[in-house]
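Colleague: Sharing coords.cif here; it has mmCIF, C-alpha atoms.
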```cif
data_model
#
loop_
_atom_site.label_atom_id
_atom_site.label_comp_id
_atom_site.auth_asym_id
_atom_site.auth_seq_id
_atom_site.Cartn_x
_atom_site.Cartn_y
_atom_site.Cartn_z
CA MET N 1 96.84 163.70 128.09
CA CYS N 2 97.11 160.07 129.18
CA VAL N 3 93.32 159.66 129.16
CA ALA N 4 93.19 160.23 125.39
CA CYS N 5 94.78 156.81 124.75
CA HIS N 6 94.76 154.92 128.07
CA GLY N 7 91.18 155.85 129.01
CA ILE N 8 89.84 157.20 132.29
CA ASP N 9 90.03 153.74 133.89
CA GLY N 10 93.54 153.00 132.59
CA LYS N 11 92.35 150.04 130.49
CA GLY N 12 92.58 151.84 127.16
CA ASP N 13 90.25 154.09 125.21
CA PRO N 14 87.98 151.85 123.04
CA LEU N 15 88.64 153.80 119.83
CA MET N 16 92.41 153.92 120.38
CA LEU N 17 92.50 150.19 121.16
CA LYS N 18 91.16 149.58 117.64
CA THR N 19 93.19 152.19 115.75
CA LEU N 20 96.65 152.26 117.35
CA ASN N 21 99.23 149.58 116.62
CA PRO N 22 100.44 148.53 119.10
CA PRO N 23 97.36 149.42 121.20
CA PRO N 24 97.72 151.43 124.43
CA ALA N 25 98.83 149.32 127.39
CA ASP N 26 96.26 148.32 130.01
CA LEU N 27 97.66 150.08 133.09
CA THR N 28 95.68 147.77 135.41
CA SER N 29 97.22 144.59 133.96
CA GLU N 30 99.86 142.41 135.64
CA LYS N 31 102.09 142.99 132.61
CA VAL N 32 102.29 146.71 133.46
CA GLN N 33 102.10 146.47 137.24
CA ASN N 34 104.87 143.85 137.36
CA GLN N 35 107.30 146.27 135.73
CA THR N 36 109.74 148.10 137.98
CA ASP N 37 109.34 151.77 138.73
CA GLY N 38 112.49 152.38 136.72
CA ALA N 39 111.07 150.63 133.65
CA LEU N 40 107.88 152.69 133.76
CA PHE N 41 109.85 155.89 134.27
CA TRP N 42 112.10 155.10 131.31
CA LYS N 43 109.15 154.43 128.99
CA ILE N 44 107.41 157.66 130.04
CA THR N 45 110.65 159.54 129.42
CA THR N 46 111.69 158.08 126.06
CA GLY N 47 108.36 156.93 124.64
CA ARG N 48 107.08 153.51 123.67
CA GLY N 49 105.38 152.39 120.46
CA ALA N 50 102.95 155.09 119.37
CA MET N 51 103.47 157.03 122.61
CA ALA N 52 105.83 160.00 122.44
CA GLY N 53 108.50 160.61 125.06
CA TYR N 54 107.75 163.23 127.72
CA GLU N 55 111.28 164.27 128.71
CA ASN N 56 110.75 167.74 127.24
CA ILE N 57 107.21 168.10 128.59
CA LEU N 58 107.32 166.76 132.17
CA SER N 59 110.00 167.44 134.76
CA GLU N 60 111.82 164.48 136.32
CA LYS N 61 109.78 164.92 139.50
CA GLU N 62 106.52 164.93 137.52
CA ARG N 63 107.50 161.73 135.68
CA TRP N 64 108.20 159.93 138.96
CA ALA N 65 104.86 161.20 140.28
CA LEU N 66 103.21 159.74 137.18
CA VAL N 67 104.80 156.36 137.95
CA GLN N 68 103.16 156.46 141.39
CA TYR N 69 99.85 157.42 139.77
CA ILE N 70 100.10 154.36 137.49
CA ARG N 71 100.51 152.27 140.66
CA SER N 72 97.06 153.48 141.78
CA PHE N 73 95.57 151.30 138.99
CA ASN N 74 96.89 148.17 140.75
CA LYS N 75 93.36 147.17 141.79
CA ASN N 76 94.17 143.47 142.16
CA ASN N 77 97.15 144.11 144.45
CA THR N 78 99.43 142.51 141.88
CA PRO N 79 102.86 141.91 143.47
CA VAL N 80 105.21 144.65 142.31
CA LYS N 81 108.86 143.92 141.62
CA TYR N 82 110.69 146.58 143.57
CA ARG N 83 114.44 146.75 143.50
CA LYS N 84 116.20 146.72 146.83
CA PRO N 85 117.18 150.31 147.62
CA VAL N 86 120.89 151.03 147.75
CA VAL N 87 122.08 153.64 150.23
CA THR N 88 124.68 155.90 148.65
CA VAL N 89 126.24 159.23 149.46
CA PRO N 90 124.49 161.88 147.31
CA LYS N 91 126.70 163.26 144.55
CA ALA N 92 126.23 166.13 142.17
CA SER N 93 124.53 164.88 139.02
CA THR N 94 126.20 165.38 135.65
CA LYS N 95 122.97 164.67 133.80
CA HIS N 96 122.14 167.40 131.30
CA ILE N 97 119.47 169.90 132.35
CA GLN N 98 117.11 170.66 129.47
CA ILE N 99 116.95 174.48 129.33
CA PHE N 100 114.62 174.99 126.35
CA PRO N 101 112.33 172.26 124.98
CA PHE N 102 112.85 173.32 121.34
CA ASP N 103 115.78 174.60 119.31
CA LYS N 104 113.98 177.85 118.39
CA ALA N 105 112.57 180.44 120.78
CA VAL N 106 110.64 182.70 118.36
CA ASN N 107 113.08 183.78 115.65
CA LEU N 108 116.32 183.03 117.48
CA ASN N 109 118.19 179.80 118.09
CA THR N 110 118.32 178.30 121.57
CA THR N 111 121.10 176.10 122.97
CA THR N 112 118.86 173.02 122.64
CA LEU N 113 119.67 170.23 120.21
CA ILE N 114 116.88 168.00 118.91
CA PRO N 115 116.65 164.48 120.41
CA ALA N 116 118.75 161.67 118.97
CA LYS N 117 117.27 159.69 116.07
CA GLN N 118 114.75 162.46 115.34
CA TRP N 119 114.43 165.33 112.92
CA SER N 120 112.16 168.35 113.02
CA PHE N 121 110.27 170.44 110.49
CA ILE N 122 109.76 174.15 111.22
CA ILE N 123 107.40 176.71 109.66
CA GLN N 124 107.85 180.35 110.68
CA HIS N 125 105.25 182.74 109.25
CA ARG N 126 105.00 186.53 109.69
CA PHE N 127 102.04 188.51 108.37
CA GLY N 128 102.12 192.15 107.23
CA ALA N 129 102.42 194.94 109.79
CA ILE N 130 99.18 196.40 111.17
CA LYS N 131 98.47 199.49 113.26
CA ALA N 132 95.77 200.12 115.85
CA ASP N 133 93.32 201.55 113.29
CA GLU N 134 90.76 200.31 110.78
CA GLY N 135 93.50 198.25 109.10
CA ILE N 136 93.16 195.68 111.88
CA TRP N 137 89.81 194.53 110.51
CA ARG N 138 90.18 195.79 106.94
CA ASN N 139 93.35 193.73 106.41
CA PHE N 140 92.17 190.94 108.75
CA LEU N 141 94.95 191.28 111.34
CA GLY N 142 97.53 191.57 108.55
CA LEU N 143 96.65 188.28 106.85
CA ASP N 144 95.64 190.16 103.69
CA LEU N 145 99.03 191.87 103.46
CA ALA N 146 102.31 190.60 102.05
CA SER N 147 103.85 188.05 104.43
CA ASN N 148 107.19 186.39 105.05
CA ILE N 149 107.70 182.68 105.60
CA ARG N 150 110.61 180.41 106.38
CA VAL N 151 110.54 176.62 106.23
CA ALA N 152 113.39 174.55 107.62
CA ALA N 153 114.38 171.01 108.53
CA VAL N 154 116.75 170.15 111.39
CA PHE N 155 118.75 166.92 111.61
CA LYS N 156 120.90 165.45 114.38
CA ILE N 157 124.23 164.36 112.88
CA GLY N 158 126.22 163.67 116.04
CA LYS N 159 125.94 163.61 119.80
CA ASN N 160 126.62 167.34 120.08
CA LEU N 161 126.05 168.46 116.49
CA GLN N 162 123.01 169.16 114.34
CA ALA N 163 122.41 170.61 110.89
CA GLU N 164 119.63 172.88 109.63
CA ILE N 165 118.58 173.70 106.08
CA GLY N 166 116.01 176.39 105.34
CA ARG N 167 114.41 178.65 102.77
CA THR N 168 113.10 182.17 103.43
CA ARG N 169 110.78 184.16 101.18
CA TYR N 170 112.24 187.64 101.77
CA GLY N 171 115.54 187.76 99.93
CA LYS N 172 114.78 184.30 98.52
CA PHE N 173 117.45 182.92 100.84
CA TYR N 174 118.51 179.30 101.04
CA ASP N 175 120.54 178.71 104.18
CA LEU N 176 122.53 175.97 105.88
CA GLY N 177 123.31 176.06 109.60
CA LEU N 178 125.41 173.95 111.99
CA LYS N 179 124.94 174.02 115.77
CA TYR N 180 127.50 172.49 118.12
CA LYS N 181 127.09 172.15 121.88
CA ILE N 182 130.35 172.75 123.73
CA VAL N 183 129.13 172.38 127.33
CA GLU N 184 125.83 171.22 128.86
CA GLN N 185 124.29 172.61 132.03
CA ASN N 186 124.15 170.18 134.96
CA GLU N 187 124.56 170.37 138.72
CA LEU N 188 128.28 170.97 138.27
CA VAL N 189 128.20 173.23 135.21
CA PRO N 190 125.98 176.34 135.45
CA LEU N 191 125.50 177.09 131.73
CA ASP N 192 124.95 175.63 128.28
CA TRP N 193 127.57 176.81 125.73
CA VAL N 194 126.74 176.52 122.04
CA VAL N 195 128.28 177.78 118.79
CA TYR N 196 126.23 178.19 115.61
CA GLU N 197 127.22 179.06 112.06
CA ASN N 198 124.83 179.76 109.20
CA VAL N 199 125.59 180.46 105.54
CA ALA N 200 122.80 181.94 103.38
CA ILE N 201 122.67 182.52 99.64
CA SER N 202 120.21 184.93 98.04
CA THR N 203 118.62 183.76 94.81
CA GLU N 204 117.11 187.16 93.97
CA LYS N 205 117.81 188.46 90.48
CA ALA N 206 121.01 190.43 90.18
CA PRO N 207 120.38 194.14 90.91
CA VAL N 208 120.34 196.59 88.02
CA ILE N 209 123.26 198.96 88.66
CA PRO N 210 123.80 202.19 86.67
CA GLU N 211 126.95 202.37 84.60
CA GLY N 212 129.82 203.98 86.40
CA THR N 213 128.85 202.64 89.83
CA THR N 214 131.85 201.82 91.99
CA PHE N 215 132.58 200.06 95.24
CA GLU N 216 133.38 202.14 98.33
CA ASN N 217 137.10 201.84 97.54
CA GLY N 218 136.55 203.29 94.05
CA GLU N 219 136.81 200.07 92.06
CA PRO N 220 134.21 199.50 89.30
CA PHE N 221 131.19 197.58 90.57
CA THR N 222 130.70 194.01 89.38
CA TYR N 223 128.11 191.64 90.82
CA THR N 224 129.53 188.16 91.48
CA PHE N 225 128.28 184.95 93.08
CA ALA N 226 130.14 185.78 96.31
CA HIS N 227 127.97 188.88 96.72
CA ARG N 228 124.94 186.64 97.24
CA LEU N 229 126.44 185.11 100.39
CA SER N 230 125.97 186.22 103.98
CA TYR N 231 126.99 184.61 107.26
CA ASP N 232 125.65 184.40 110.80
CA THR N 233 128.04 183.42 113.62
CA GLN N 234 126.69 182.90 117.15
CA LEU N 235 128.07 182.10 120.60
CA LEU N 236 125.14 181.29 122.92
CA LEU N 237 125.00 180.87 126.70
CA ALA N 238 121.86 179.67 128.48
CA ARG N 239 120.72 178.67 131.95
CA LYS N 240 117.64 177.12 133.48
CA PHE N 241 117.03 178.77 136.86
CA ASN N 242 114.11 176.61 137.93
CA ARG N 243 111.27 174.63 136.33
CA PHE N 244 109.55 177.86 135.26
CA ILE N 245 112.30 180.23 134.07
CA SER N 246 115.01 179.80 131.42
CA ALA N 247 117.18 182.54 129.93
CA GLN N 248 119.79 182.95 127.21
CA THR N 249 122.18 185.54 125.88
CA GLY N 250 125.33 185.56 123.78
CA PHE N 251 127.06 187.33 120.92
CA GLU N 252 126.12 187.29 117.25
CA LEU N 253 127.86 188.65 114.16
CA ILE N 254 126.28 189.03 110.73
CA TRP N 255 128.63 189.36 107.78
CA ARG N 256 127.41 190.32 104.28
CA ASN N 257 129.80 190.09 101.36
CA LEU N 258 127.86 192.94 99.75
CA ALA N 259 126.31 195.73 101.82
CA PRO N 260 124.31 198.78 100.63
CA PRO N 261 126.10 202.15 100.37
CA GLY N 262 126.78 203.66 103.79
CA GLU N 263 126.47 200.36 105.69
CA ALA N 264 129.20 198.09 107.04
CA ASN N 265 129.63 194.51 105.93
CA PHE N 266 129.48 193.34 109.55
CA THR N 267 126.59 193.81 112.00
CA PRO N 268 127.18 192.76 115.65
CA ALA N 269 124.28 191.96 117.97
CA ILE N 270 123.62 190.77 121.52
CA PRO N 271 120.46 188.61 121.68
CA PHE N 272 118.39 187.90 124.80
CA ILE N 273 115.74 185.23 125.37
CA ILE N 274 113.53 184.59 128.40
CA ARG N 275 111.10 181.67 128.55
CA LEU N 276 108.43 181.50 131.24
CA LYS N 277 106.52 178.24 131.67
CA THR N 278 102.89 179.20 132.33
CA GLY N 279 101.22 175.79 132.42
CA PHE N 280 101.58 172.07 131.91
CA MET N 281 101.86 172.46 128.13
CA SER N 282 102.18 176.23 127.66
CA ALA N 283 104.85 178.93 127.93
CA VAL N 284 105.65 182.50 126.97
CA SER N 285 108.90 183.33 125.14
CA ILE N 286 110.34 186.84 124.89
CA GLU N 287 113.16 187.86 122.55
CA TYR N 288 115.10 191.10 122.27
CA SER N 289 118.28 191.81 120.32
CA PHE N 290 120.54 194.79 120.82
CA VAL N 291 121.85 195.37 117.30
CA PHE N 292 124.71 197.72 116.59
CA ARG N 293 122.76 199.39 113.79
CA LYS N 294 120.41 202.39 113.86
CA ARG N 295 116.67 201.74 113.71
CA THR N 296 117.16 198.01 114.35
CA ARG N 297 116.01 196.72 117.75
CA PRO N 298 114.02 193.57 116.94
CA TRP N 299 111.86 192.01 119.63
CA ALA N 300 109.31 189.22 119.56
CA LEU N 301 106.76 187.71 121.91
CA ALA N 302 105.26 184.23 121.56
CA TYR N 303 102.62 182.22 123.39
CA GLU N 304 103.44 178.54 123.04
CA ILE N 305 101.21 175.49 123.18
CA ALA N 306 102.88 172.08 122.98
CA SER N 307 101.33 168.65 122.46
CA SER N 308 102.69 165.19 123.29
CA GLY N 309 106.31 166.29 122.96
CA LYS N 310 105.98 166.07 119.16
CA HIS N 311 104.25 169.33 118.22
CA VAL N 312 104.52 172.96 119.27
CA PHE N 313 102.45 175.90 118.02
CA GLN N 314 103.37 179.51 118.79
CA ILE N 315 101.34 182.66 118.22
CA THR N 316 103.82 185.49 117.70
CA LEU N 317 103.85 189.30 117.87
CA SER N 318 106.93 191.23 116.76
CA ASN N 319 108.21 194.56 115.49
CA SER N 320 109.67 192.99 112.35
CA ASP N 321 108.45 190.63 109.66
CA ARG N 322 112.00 189.36 109.06
CA ILE N 323 113.01 185.91 110.32
CA LEU N 324 116.51 184.92 109.19
CA PRO N 325 119.09 186.92 111.23
CA GLN N 326 120.86 187.99 108.01
CA ASN N 327 117.59 189.84 107.28
CA LEU N 328 116.38 190.53 110.81
CA TYR N 329 119.52 192.43 111.88
CA THR N 330 120.10 194.36 108.67
CA HIS N 331 116.65 195.91 108.14
CA ASN N 332 114.86 198.61 110.10
CA SER N 333 112.49 197.44 112.81
CA PHE N 334 108.90 198.63 112.65
CA ARG N 335 107.99 201.76 114.59
CA PRO N 336 104.76 200.59 116.28
CA GLY N 337 103.07 204.00 116.16
CA LYS N 338 103.82 204.63 112.47
CA GLU N 339 104.26 201.22 110.90
CA GLY N 340 102.55 198.85 113.34
CA LEU N 341 103.42 195.34 114.48
CA SER N 342 103.43 191.94 112.83
CA LEU N 343 101.39 188.94 113.92
CA GLY N 344 102.50 185.47 112.97
CA PHE N 345 102.98 181.87 114.04
CA ASN N 346 105.59 179.15 114.37
CA LEU N 347 104.87 175.45 113.93
CA ILE N 348 107.42 172.79 114.92
CA ARG N 349 106.89 169.06 114.36
CA PHE N 350 109.23 166.26 115.42
CA PHE N 351 109.54 162.99 113.51
#
```
Could you spell out this file's structure in structure tokens?
Modeller:
Amino acid sequence: MCVACHGIDGKGDPLMLKTLNPPPADLTSEKVQNQTDGALFWKITTGRGAMAGYENILSEKERWALVQYIRSFNKNNTPVKYRKPVVTVPKASTKHIQIFPFDKAVNLNTTTLIPAKQWSFIIQHRFGAIKADEGIWRNFLGLDLASNIRVAAVFKIGKNLQAEIGRTRYGKFYDLGLKYKIVEQNELVPLDWVVYENVAISTEKAPVIPEGTTFENGEPFTYTFAHRLSYDTQLLLARKFNRFISAQTGFELIWRNLAPPGEANFTPAIPFIIRLKTGFMSAVSIEYSFVFRKRTRPWALAYEIASSGKHVFQITLSNSDRILPQNLYTHNSFRPGKEGLSLGFNLIRFF
């Protein structure tokens, strides 16, 4: 990844030297080699100029190893300004441990907040369900079928608070979410604790109801603005076990002001997420939600490819084409043998 801009010899790729402003630093120069290890580590972590930060891509150990690799370009034996080491008694670190690199796993929220002074744009796309028959090629893996899509933007509005605004095709939902981090995992605290609240409004046309229809309590049915609203409340707990494995669970409650006959207004669920890092820039995410509703057990699988800490692309496979939890937990999941599965993708971009 470094070669793309800094070149194989560390002096800068010729094309990037002409196109990037500021140009990539010459890693062999005295200007770079005279910097302290701490300065180089900080720039790798947070980014510099056109270079993105790598805090979410490289572990702390890998970033320090990269500093030592940069020192290998010191061909002229330029004197290096090392700080005098200070001997201290090791203490437990209270620095936050990043559990998930992004604030979405596949469909579900993670306990991660986006970095300060950044915002992200998310596209979640689910194609029509396909079965293991001729429909796979006839409908081109489901791309020819009706699909669902959600677009959203996420903004950091405080140290431990972020806001999300989105729009989903199915149900024509506009939604607003707030995520607040209560506790961060570190060497003293074993878990992340996060609360999340989302309010969605459906802009579908009002349903046509036959005369004489009543509510469950016998009152005459009238469709009001409040009936368009639904809510998603989440308490999430997550832990990073090592550099390869992260997991999350919690409790989630969906509330609909208007529910179909025979269904409750509230729908509880217990979501689970496991993320397995499979490579330098790749990972597999697995989701499963135990929903207290018949025929609804949504799961999703995603293979993730990240780039430069600014982009992530996921190829997804799931037993539902719903995305927003107000939809995902209140509709029947696909039966793979009869209805098939849904392919899709997620695209996340940081700015």
Colleague: How many Å lie between CA of Glu219 in chain N and CA of Asn327 in chain N, rounded to one decimal?
Modeller: 26.6 Å
Colleague: How close does each residue of range 245-327 of chain N get to range 52-57 of chain N, giving the shortest atom pair and distance in Å to one decimal for every residue with an atom at most 12 Å away, counting all atoms listed in the file, sorted by chain and residue number, as CSV?
Modeller:
```
residue,atom,partner,partner_atom,distance
N:Lys277,CA,N:Ile57,CA,10.6
N:Gly279,CA,N:Ile57,CA,10.5
N:Phe280,CA,N:Ile57,CA,7.6
N:Met281,CA,N:Ile57,CA,6.9
N:Ser282,CA,N:Ile57,CA,9.6
N:Ala283,CA,N:Ile57,CA,11.1
N:Ile305,CA,N:Ile57,CA,10.9
N:Ala306,CA,N:Ile57,CA,8.1
N:Ser307,CA,N:Ile57,CA,8.5
N:Ser308,CA,N:Ala52,CA,6.1
N:Gly309,CA,N:Tyr54,CA,5.8
N:Lys310,CA,N:Ala52,CA,6.9
N:His311,CA,N:Ala52,CA,10.4
N:Val312,CA,N:Ile57,CA,10.8
```
Colleague: How would you write, as JSON, numbers by chain, the residues chosen by the PyMOL selection byres ((chain N and resi 343) around 9) on this structure?
Modeller: {"N": [125, 126, 127, 128, 129, 130, 141, 142, 143, 315, 316, 317, 318, 319, 321, 341, 342, 344, 345]}
Colleague: Under the rule that all atoms listed in the file are counted, which of N:Ala105, N:Val32, N:Ala153, N:Ile209 is the nearest residue to Phe272 in chain N?
Modeller: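 Between N:Ala105, N:Val32, N:Ala153, N:Ile209, the residue approaching Phe272 in chain N most closely is N:Ala105.
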Colleague: Of the residues N:His227, N:Arg275, N:Lys179, N:Lys18, which is the one nearest to Phe244 in chain N, using all atoms listed in the file?
Modeller: N:Arg275
Colleague: Would you list the contacts of Gln98 in chain N as a ChimeraX atom specification, taking every protein, DNA or RNA residue within 8 Å and counting all atoms listed in the file, but skipping same-chain residues closer than 2 positions in sequence?
Modeller: /N:56,96,100-101,112,185,240
Colleague: Starting from the shown file, work through the PyMOL selection byres ((chain N and resi 154) around 12) and note down what comes out as a PyMOL selection string.
Modeller: chain N and resi 102-104+109+112-123+151-153+155-157+161-166+175-179+348-351
Colleague: Find the distance between CA of Arg322 in chain N and CA of Asn160 in chain N and write it in Å to one decimal.
Modeller: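 Separation between CA of Arg322 in chain N and CA of Asn160 in chain N: 28.6 Å.
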